[in-house]
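Below is structure-v3.txt, holding compact mmCIF, C-alpha atoms and all ligand atoms.
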# COMPACT_ATOMS: atom_id res chain seq x y z
CA MET A 7 -170.40 31.17 -36.39
CA SER A 8 -169.96 33.15 -33.16
CA LYS A 9 -167.77 36.19 -33.41
CA VAL A 10 -166.45 38.42 -30.62
CA VAL A 11 -164.63 41.73 -31.17
CA ILE A 12 -162.53 43.17 -28.35
CA ILE A 13 -161.86 46.91 -28.53
CA GLY A 14 -159.07 47.93 -26.16
CA CYS A 15 -156.45 45.21 -25.87
CA GLY A 16 -154.73 46.23 -22.65
CA ASN A 17 -154.69 44.25 -19.41
CA VAL A 18 -158.45 43.75 -19.22
CA GLY A 19 -159.08 43.10 -22.92
CA MET A 20 -156.29 40.54 -23.12
CA SER A 21 -157.26 38.79 -19.86
CA TYR A 22 -160.72 38.36 -21.37
CA ALA A 23 -159.20 37.05 -24.62
CA TYR A 24 -156.96 34.61 -22.72
CA SER A 25 -159.87 33.41 -20.61
CA LEU A 26 -161.98 32.83 -23.76
CA LEU A 27 -159.14 30.82 -25.29
CA ASN A 28 -158.82 28.63 -22.20
CA GLN A 29 -162.49 27.80 -21.78
CA ARG A 30 -164.75 25.75 -23.99
CA THR A 31 -166.89 28.54 -25.45
CA LYS A 32 -168.94 28.96 -28.62
CA VAL A 33 -166.57 31.69 -29.84
CA GLU A 34 -165.20 30.74 -33.26
CA GLU A 35 -163.75 34.08 -34.30
CA LEU A 36 -161.98 36.59 -32.06
CA ILE A 37 -160.97 40.02 -33.41
CA LEU A 38 -158.60 42.35 -31.56
CA ILE A 39 -158.78 46.13 -32.10
CA ASP A 40 -156.71 48.79 -30.31
CA LEU A 41 -155.24 52.21 -31.06
CA ASN A 42 -151.93 50.39 -30.88
CA LYS A 43 -152.23 48.19 -33.98
CA ASP A 44 -148.82 46.57 -33.46
CA ARG A 45 -149.89 45.36 -30.06
CA THR A 46 -152.97 43.63 -31.48
CA ILE A 47 -150.81 41.87 -34.10
CA GLY A 48 -148.40 40.68 -31.41
CA GLU A 49 -151.22 39.63 -29.08
CA ALA A 50 -152.98 37.66 -31.86
CA MET A 51 -149.73 35.85 -32.68
CA ASP A 52 -149.10 35.04 -29.02
CA LEU A 53 -152.64 33.69 -28.45
CA ASN A 54 -152.59 31.70 -31.71
CA HIS A 55 -149.42 29.94 -30.54
CA GLY A 56 -151.43 28.52 -27.61
CA LEU A 57 -154.18 27.11 -29.86
CA ALA A 58 -152.60 23.65 -29.94
CA PHE A 59 -153.45 23.34 -26.24
CA ALA A 60 -156.83 25.14 -26.25
CA PRO A 61 -160.11 23.23 -25.71
CA SER A 62 -161.51 24.48 -29.02
CA LYS A 63 -160.32 26.09 -32.23
CA ILE A 64 -160.73 29.87 -32.40
CA ASN A 65 -159.74 31.99 -35.37
CA ILE A 66 -157.90 34.93 -33.71
CA LYS A 67 -156.67 37.98 -35.59
CA ALA A 68 -155.88 41.68 -35.33
CA GLY A 69 -158.73 43.50 -37.05
CA GLU A 70 -160.42 46.68 -38.19
CA TYR A 71 -163.78 48.27 -37.43
CA SER A 72 -165.21 46.69 -40.60
CA ASP A 73 -164.86 43.36 -38.73
CA CYS A 74 -167.69 44.51 -36.41
CA ASN A 75 -170.25 44.03 -39.23
CA ASN A 76 -171.38 40.52 -38.36
CA ALA A 77 -170.09 40.28 -34.77
CA ASP A 78 -172.27 38.75 -32.07
CA ILE A 79 -170.59 40.63 -29.24
CA ILE A 80 -168.40 43.73 -29.12
CA CYS A 81 -166.62 44.06 -25.80
CA ILE A 82 -165.19 47.52 -25.07
CA CYS A 83 -162.29 47.53 -22.60
CA ALA A 84 -160.63 50.61 -24.11
CA GLY A 85 -159.91 53.70 -22.14
CA ARG A 86 -157.84 55.25 -19.49
CA ASN A 87 -157.27 54.36 -15.87
CA GLN A 88 -157.27 57.09 -13.24
CA GLU A 89 -153.84 58.69 -12.91
CA VAL A 90 -152.27 60.29 -9.85
CA GLY A 91 -153.65 63.83 -9.42
CA GLU A 92 -156.50 63.19 -11.83
CA THR A 93 -160.11 63.41 -10.63
CA ARG A 94 -162.77 60.86 -11.45
CA LEU A 95 -164.50 63.50 -13.50
CA ASP A 96 -161.36 64.12 -15.61
CA LEU A 97 -161.30 60.38 -16.29
CA ILE A 98 -164.95 60.27 -17.32
CA LYS A 99 -164.50 63.19 -19.71
CA LYS A 100 -161.52 61.44 -21.33
CA ASN A 101 -163.26 58.06 -21.59
CA TYR A 102 -166.36 59.78 -23.00
CA GLU A 103 -164.19 61.10 -25.85
CA VAL A 104 -162.68 57.61 -26.34
CA PHE A 105 -166.16 56.07 -26.54
CA LYS A 106 -167.41 58.74 -28.95
CA SER A 107 -164.60 57.89 -31.37
CA ILE A 108 -165.11 54.11 -31.01
CA ILE A 109 -168.91 54.00 -31.25
CA ASN A 110 -168.87 56.47 -34.13
CA GLU A 111 -166.79 53.91 -36.08
CA ILE A 112 -169.07 51.00 -35.07
CA ASN A 113 -172.17 53.01 -36.08
CA LYS A 114 -170.80 53.05 -39.64
CA THR A 115 -170.93 49.23 -39.72
CA ASN A 116 -173.88 46.86 -39.78
CA PHE A 117 -173.30 45.63 -36.20
CA LYS A 118 -176.52 44.28 -34.69
CA GLY A 119 -175.16 42.22 -31.81
CA ILE A 120 -174.64 42.92 -28.13
CA TYR A 121 -172.35 45.50 -26.53
CA LEU A 122 -170.47 44.33 -23.45
CA ILE A 123 -168.80 47.16 -21.54
CA ALA A 124 -165.94 46.89 -19.02
CA THR A 125 -164.35 50.36 -19.12
CA ASN A 126 -164.74 52.36 -15.91
CA PRO A 127 -166.80 53.99 -14.60
CA VAL A 128 -168.67 51.05 -16.09
CA ASP A 129 -172.23 52.15 -15.25
CA ILE A 130 -171.73 55.55 -16.89
CA MET A 131 -169.84 54.10 -19.88
CA SER A 132 -172.71 51.63 -20.46
CA LEU A 133 -175.23 54.50 -20.45
CA ILE A 134 -173.01 56.45 -22.86
CA THR A 135 -172.81 53.39 -25.13
CA MET A 136 -176.57 52.97 -25.20
CA LYS A 137 -177.09 56.64 -26.06
CA LEU A 138 -174.35 56.91 -28.70
CA SER A 139 -175.23 53.62 -30.40
CA LYS A 140 -179.03 54.15 -30.12
CA PHE A 141 -179.23 50.41 -29.33
CA PRO A 142 -182.07 49.10 -27.16
CA SER A 143 -180.98 48.85 -23.51
CA SER A 144 -181.37 45.05 -23.62
CA LYS A 145 -178.42 44.93 -26.03
CA VAL A 146 -175.99 47.03 -23.98
CA ILE A 147 -174.66 45.22 -20.91
CA GLY A 148 -172.06 46.52 -18.45
CA SER A 149 -169.97 44.21 -16.30
CA GLY A 150 -171.51 46.10 -13.36
CA THR A 151 -171.12 44.55 -9.92
CA MET A 152 -170.43 41.09 -11.29
CA LEU A 153 -166.79 41.08 -10.19
CA ASP A 154 -167.77 42.46 -6.77
CA THR A 155 -170.41 39.74 -6.50
CA ALA A 156 -167.83 37.08 -7.38
CA ARG A 157 -165.52 38.49 -4.68
CA LEU A 158 -168.43 38.45 -2.19
CA ARG A 159 -169.29 34.82 -2.94
CA TYR A 160 -165.63 33.85 -2.63
CA LEU A 161 -165.23 35.56 0.77
CA ILE A 162 -168.46 34.08 2.20
CA GLY A 163 -167.41 30.67 0.87
CA GLU A 164 -164.00 31.02 2.54
CA LYS A 165 -165.51 32.11 5.86
CA LEU A 166 -168.01 29.22 5.96
CA ASP A 167 -165.78 26.72 4.16
CA VAL A 168 -168.35 26.03 1.44
CA ASN A 169 -168.19 26.22 -2.34
CA PRO A 170 -168.90 29.81 -3.58
CA LYS A 171 -171.25 28.19 -6.13
CA ASN A 172 -173.67 27.54 -3.24
CA VAL A 173 -173.56 31.16 -2.10
CA HIS A 174 -176.41 33.22 -3.54
CA ALA A 175 -175.59 36.76 -2.56
CA TYR A 176 -175.27 39.89 -4.65
CA VAL A 177 -173.51 43.23 -4.66
CA ILE A 178 -175.76 45.84 -6.28
CA GLY A 179 -175.74 49.54 -7.23
CA GLU A 180 -172.80 51.52 -8.58
CA HIS A 181 -169.64 49.55 -9.41
CA GLY A 182 -167.71 51.77 -7.01
CA ASP A 183 -167.65 53.12 -3.49
CA SER A 184 -171.44 53.28 -3.02
CA GLU A 185 -172.07 49.63 -3.97
CA PHE A 186 -173.58 47.49 -1.20
CA VAL A 187 -174.77 43.98 -0.29
CA PRO A 188 -178.52 43.56 0.33
CA TRP A 189 -177.97 40.96 3.06
CA SER A 190 -181.73 40.40 3.48
CA SER A 191 -181.71 38.35 0.26
CA ALA A 192 -178.34 36.58 0.74
CA ILE A 193 -178.62 32.81 0.96
CA VAL A 194 -176.14 30.00 1.52
CA GLY A 195 -177.51 26.63 0.48
CA LEU A 196 -181.14 27.06 1.49
CA ARG A 197 -180.72 29.28 4.55
CA SER A 198 -180.27 33.01 5.08
CA VAL A 199 -176.66 34.07 5.51
CA ASN A 200 -177.76 35.87 8.70
CA GLU A 201 -178.18 32.45 10.33
CA TYR A 202 -174.51 31.65 9.87
CA MET A 203 -172.70 34.94 10.46
CA SER A 204 -172.77 37.89 12.87
CA LYS A 205 -173.45 41.44 11.72
CA GLU A 206 -169.76 42.25 12.30
CA ASP A 207 -168.72 39.38 10.00
CA LEU A 208 -171.09 40.59 7.31
CA ASN A 209 -169.91 44.20 7.58
CA LYS A 210 -166.27 43.09 7.39
CA ILE A 211 -166.94 41.01 4.26
CA ALA A 212 -168.86 43.86 2.55
CA SER A 213 -166.03 46.28 3.31
CA ASP A 214 -163.37 43.81 2.07
CA VAL A 215 -165.32 43.44 -1.20
CA ARG A 216 -165.58 47.23 -1.61
CA ASN A 217 -161.86 47.69 -0.99
CA ALA A 218 -160.61 44.69 -2.98
CA ALA A 219 -159.81 46.67 -6.15
CA TYR A 220 -157.89 49.32 -4.16
CA GLN A 221 -155.89 46.59 -2.42
CA ILE A 222 -155.01 44.82 -5.67
CA ILE A 223 -154.11 48.11 -7.39
CA ASN A 224 -151.86 49.02 -4.44
CA LYS A 225 -150.04 45.72 -4.70
CA LYS A 226 -149.85 45.06 -8.47
CA GLY A 227 -151.01 48.26 -10.20
CA ALA A 228 -154.22 47.02 -11.84
CA THR A 229 -156.88 44.30 -11.71
CA TYR A 230 -157.64 42.21 -14.77
CA TYR A 231 -157.85 38.38 -14.40
CA GLY A 232 -161.10 38.46 -12.38
CA ILE A 233 -162.82 40.86 -14.76
CA GLY A 234 -161.57 38.83 -17.73
CA MET A 235 -163.35 35.77 -16.32
CA CYS A 236 -166.53 37.78 -15.58
CA LEU A 237 -166.62 38.95 -19.20
CA THR A 238 -166.20 35.33 -20.34
CA ARG A 239 -169.06 34.25 -18.08
CA ILE A 240 -171.36 36.94 -19.58
CA THR A 241 -170.22 35.94 -23.11
CA ASN A 242 -171.11 32.30 -22.40
CA ALA A 243 -174.51 33.27 -20.98
CA ILE A 244 -175.24 35.13 -24.25
CA LEU A 245 -173.81 32.62 -26.74
CA ASP A 246 -175.17 29.55 -24.88
CA ASN A 247 -178.53 31.31 -24.34
CA ASP A 248 -178.25 29.91 -20.81
CA LYS A 249 -180.57 32.40 -19.04
CA SER A 250 -178.23 32.84 -16.08
CA ILE A 251 -178.90 35.45 -13.42
CA LEU A 252 -175.87 37.74 -13.29
CA THR A 253 -175.32 41.07 -11.52
CA VAL A 254 -174.56 43.10 -14.59
CA SER A 255 -175.02 46.82 -15.19
CA VAL A 256 -178.51 47.29 -16.62
CA TYR A 257 -180.69 50.23 -17.65
CA ASP A 258 -183.25 51.62 -15.22
CA GLU A 259 -185.59 53.57 -17.47
CA LYS A 260 -187.19 55.53 -14.62
CA GLN A 261 -183.82 56.88 -13.48
CA ASP A 262 -182.24 57.01 -16.96
CA LEU A 263 -179.22 55.25 -15.44
CA TYR A 264 -177.28 52.02 -15.61
CA TYR A 265 -176.27 50.25 -12.38
CA GLY A 266 -175.64 46.73 -11.08
CA MET A 267 -178.71 44.53 -10.51
CA PRO A 268 -179.32 40.81 -10.95
CA ALA A 269 -180.70 40.17 -14.43
CA VAL A 270 -181.50 37.20 -16.65
CA VAL A 271 -179.04 37.10 -19.56
CA ASP A 272 -179.85 35.20 -22.74
CA LYS A 273 -178.95 35.27 -26.44
CA LYS A 274 -180.82 38.56 -26.94
CA GLY A 275 -179.02 40.25 -24.03
CA ILE A 276 -180.95 41.36 -20.93
CA ARG A 277 -184.23 39.43 -20.81
CA GLU A 278 -185.38 40.69 -17.43
CA ILE A 279 -184.08 42.73 -14.50
CA ILE A 280 -184.74 41.20 -11.10
CA TYR A 281 -185.60 44.00 -8.69
CA LEU A 282 -184.88 42.65 -5.22
CA LYS A 283 -187.17 43.14 -2.25
CA LEU A 284 -185.13 45.56 -0.14
CA THR A 285 -185.40 46.61 3.51
CA ASP A 286 -185.74 50.37 4.19
CA GLU A 287 -182.03 50.58 5.00
CA GLU A 288 -181.09 48.79 1.77
CA ARG A 289 -183.47 51.01 -0.25
CA ASN A 290 -181.69 54.08 1.18
CA LYS A 291 -178.35 52.65 0.14
CA LEU A 292 -179.59 52.03 -3.40
CA ASP A 293 -181.06 55.56 -3.57
CA ASN A 294 -177.68 56.93 -2.46
CA SER A 295 -175.91 54.96 -5.21
CA ILE A 296 -178.43 56.25 -7.78
CA GLU A 297 -177.92 59.86 -6.64
CA ILE A 298 -174.14 59.51 -6.97
CA LEU A 299 -174.47 58.12 -10.50
CA LYS A 300 -176.93 60.88 -11.46
CA LYS A 301 -174.44 63.55 -10.41
CA ILE A 302 -171.76 61.92 -12.58
CA ARG A 303 -174.16 61.55 -15.50
CA ASN A 304 -175.04 65.24 -15.34
CA SER A 305 -171.40 66.31 -15.40
CA TYR A 306 -169.62 64.51 -18.23
CA GLU A 307 -170.97 66.26 -21.32
P1 LIG A 401 -154.92 49.39 -20.20
O1 LIG A 401 -154.36 50.77 -20.17
O2 LIG A 401 -154.05 48.22 -19.94
O3 LIG A 401 -155.63 49.16 -21.63
C1 LIG A 401 -156.44 50.10 -22.25
C2 LIG A 401 -156.28 49.91 -23.75
O4 LIG A 401 -157.23 50.77 -24.41
C3 LIG A 401 -154.90 50.30 -24.28
O5 LIG A 401 -154.32 49.21 -24.97
C4 LIG A 401 -155.19 51.49 -25.20
O6 LIG A 401 -154.32 51.55 -26.32
C5 LIG A 401 -156.61 51.19 -25.61
N1 LIG A 401 -157.31 52.38 -26.13
C6 LIG A 401 -157.37 53.62 -25.61
N2 LIG A 401 -158.12 54.42 -26.40
C7 LIG A 401 -158.55 53.66 -27.43
C8 LIG A 401 -159.35 53.91 -28.57
N3 LIG A 401 -159.86 55.13 -28.81
N4 LIG A 401 -159.58 52.89 -29.41
C9 LIG A 401 -159.06 51.66 -29.20
N5 LIG A 401 -158.29 51.36 -28.13
C10 LIG A 401 -158.03 52.36 -27.27
O7 LIG A 401 -156.14 49.43 -19.18
P2 LIG A 401 -156.84 48.14 -18.53
O8 LIG A 401 -156.17 47.82 -17.24
O9 LIG A 401 -157.00 47.11 -19.56
O10 LIG A 401 -158.26 48.75 -18.14
C11 LIG A 401 -159.22 49.05 -19.13
C12 LIG A 401 -160.49 49.58 -18.49
O11 LIG A 401 -161.13 48.54 -17.74
C13 LIG A 401 -160.23 50.73 -17.49
O12 LIG A 401 -161.26 51.71 -17.65
C14 LIG A 401 -160.38 50.04 -16.14
O13 LIG A 401 -160.74 50.95 -15.12
C15 LIG A 401 -161.49 49.05 -16.45
N6 LIG A 401 -161.66 47.94 -15.50
C16 LIG A 401 -162.95 47.60 -15.23
C17 LIG A 401 -163.21 46.58 -14.32
C18 LIG A 401 -164.65 46.24 -14.04
O14 LIG A 401 -164.98 45.51 -13.07
N7 LIG A 401 -165.58 46.71 -14.87
C19 LIG A 401 -162.16 45.90 -13.67
C20 LIG A 401 -160.85 46.28 -14.00
C21 LIG A 401 -160.62 47.32 -14.90

Using the file provided, produce a representation of the structure as structure tokens.
Amino acid sequence: MSKVVIIGCGNVGMSYAYSLLNQRTKVEELILIDLNKDRTIGEAMDLNHGLAFAPSKINIKAGEYSDCNNADIICICAGRNQEVGETRLDLIKKNYEVFKSIINEINKTNFKGIYLIATNPVDIMSLITMKLSKFPSSKVIGSGTMLDTARLRYLIGEKLDVNPKNVHAYVIGEHGDSEFVPWSSAIVGLRSVNEYMSKEDLNKIASDVRNAAYQIINKKGATYYGIGMCLTRITNAILDNDKSILTVSVYDEKQDLYYGMPAVVDKKGIREIIYLKLTDEERNKLDNSIEILKKIRNSYE
């Protein structure tokens, strides 16, 4: 039986839950945990009332940390969003405390599954999870630049009027301002994207991808449906053992950092990281992203 526990049932956690309910997945049991227990009870009731129309039966309930014991996946979406007047560093310090309290509880259980992390800054929170849980890096996966990559594929697809499924392009590095698109390995169908679009077009698309979250937050306060579907996609890759290549946040042992890179995801987690062949300019951009993440890593404790 496949069991998923969601910790943090706000906008992101519940968009993930709703997306799981609406897709045919292998999830048979879904547990909701949040500081706000009443909310999880209400959310479980609400989701259960949609079961009659769902593609498969899922046993959904508000739960406790003891429910983590035999879970296949624990997805952490708990934490704070940046508030007006608050620095990024303030946010990290607060989310570090949140993660310490959560992972401390999970460490008391017999959980041996896979951690899936969505809380921002996702690369740093994934590293923190790996260290606090003492899990192997293959079993701690951050959502990384997966949402950014989905936005990139959508925008290229729109521009060329082709299905985003035929666009093989990735956003890599930090999930944040220093992320970038290594255009030298971007392909549409069987041809390089450079054959179809000018440098200006490519720059405009990369900048639109980078600014998408800011734009959405300006207009509706938060982003959550897209990330909910990304988390479902990663969940399916794990539970179906489908060996998909996804741009998730993965551990680079040399740098002692997590950041977004394409990786093969299977039932054991990260099977293999695919290090792209980068041009000198792209290598500099990745180094810049790594330096930014290092500075954050060195400041949160
Ligand atoms: P939200 O405020 O709606 O929900 C956060 C939830 O976490 C709340 O329900 C809160 O009660 C809960 N929580 C806080 N501390 C907790 C604890 N110690 N234990 C259990 N639950 C706790 O926020 P949201 O919009 O759902 O965003 C959640 C996180 O996801 C944020 O960090 C946000 O930046 C991030 N996010 C990531 C991506 C991505 O691409 N990775 C995209 C969107 C949002």

Using all atoms listed in the file, find each residue with an atom at most 7 Å away from ligand LIG 401 (chain A) and format the answer as a CSV table (one decimal) with C-alpha atoms, in the coordinates of the input.
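The result, stored in result06.csv:
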chain,number,residue,atom,x,y,z
A,13,ILE,CA,-161.9,46.9,-28.5
A,14,GLY,CA,-159.1,47.9,-26.2
A,15,CYS,CA,-156.4,45.2,-25.9
A,16,GLY,CA,-154.7,46.2,-22.6
A,17,ASN,CA,-154.7,44.2,-19.4
A,18,VAL,CA,-158.4,43.8,-19.2
A,19,GLY,CA,-159.1,43.1,-22.9
A,39,ILE,CA,-158.8,46.1,-32.1
A,40,ASP,CA,-156.7,48.8,-30.3
A,41,LEU,CA,-155.2,52.2,-31.1
A,42,ASN,CA,-151.9,50.4,-30.9
A,83,CYS,CA,-162.3,47.5,-22.6
A,84,ALA,CA,-160.6,50.6,-24.1
A,85,GLY,CA,-159.9,53.7,-22.1
A,86,ARG,CA,-157.8,55.2,-19.5
A,87,ASN,CA,-157.3,54.4,-15.9
A,104,VAL,CA,-162.7,57.6,-26.3
A,105,PHE,CA,-166.2,56.1,-26.5
A,107,SER,CA,-164.6,57.9,-31.4
A,108,ILE,CA,-165.1,54.1,-31.0
A,124,ALA,CA,-165.9,46.9,-19.0
A,125,THR,CA,-164.4,50.4,-19.1
A,126,ASN,CA,-164.7,52.4,-15.9
A,127,PRO,CA,-166.8,54.0,-14.6
A,128,VAL,CA,-168.7,51.0,-16.1
A,149,SER,CA,-170.0,44.2,-16.3
A,150,GLY,CA,-171.5,46.1,-13.4
A,151,THR,CA,-171.1,44.6,-9.9
A,153,LEU,CA,-166.8,41.1,-10.2
A,228,ALA,CA,-154.2,47.0,-11.8
A,229,THR,CA,-156.9,44.3,-11.7
A,230,TYR,CA,-157.6,42.2,-14.8
A,233,ILE,CA,-162.8,40.9,-14.8

Using all atoms listed in the file, determine which residues lie at most 6 Å from Tyr121 (chain A), disregarding the query and same-chain residues fewer than 5 positions distant; provide the list as a VMD selection string.
-> chain A and resid 79 to 81 146

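Taking only C-alpha atoms into account, Gly119 (chain A) lies nearest to A:Ile244 out of the set A:Ile251, A:Ile244, A:Leu138, A:Leu299.
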
Test item: residues at most 8 Å from Val187 (chain A), all atoms listed in the file, excluding those fewer than 2 positions along its chain, as a list in words | Ala175, Tyr176, Val177, Ile178, Glu185, Trp189 and Ala212 of chain A

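Counting all atoms listed in the file and comparing A:His55, A:Phe186, A:Asn209, A:Gly179, the residue that lies closest to Tyr281 (chain A) is A:Gly179.
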
Return the single residue from A:Ile222, A:Leu237, A:Lys63, A:Cys74 that is closest to Ile123 (chain A), with distances computed using all atoms listed in the file.
-> A:Leu237

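CA of Ile223 (chain A) is positioned 25.7 Å from CA of Lys301 (chain A).
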
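Among A:Tyr257, A:Tyr306, A:Tyr24, A:Tyr264, the residue with the shortest atom-to-atom distance to Ala60 (chain A), counting only C-alpha atoms, is A:Tyr24.
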
Can you find the residues with an atom no farther than 10 Å from (-167.5, 31.4, -5.8), counting all atoms listed in the file, and report them as JSON, numbers by chain?
-> {"A": [155, 156, 157, 158, 159, 160, 161, 162, 163, 164, 168, 169, 170, 171, 172, 173, 174]}
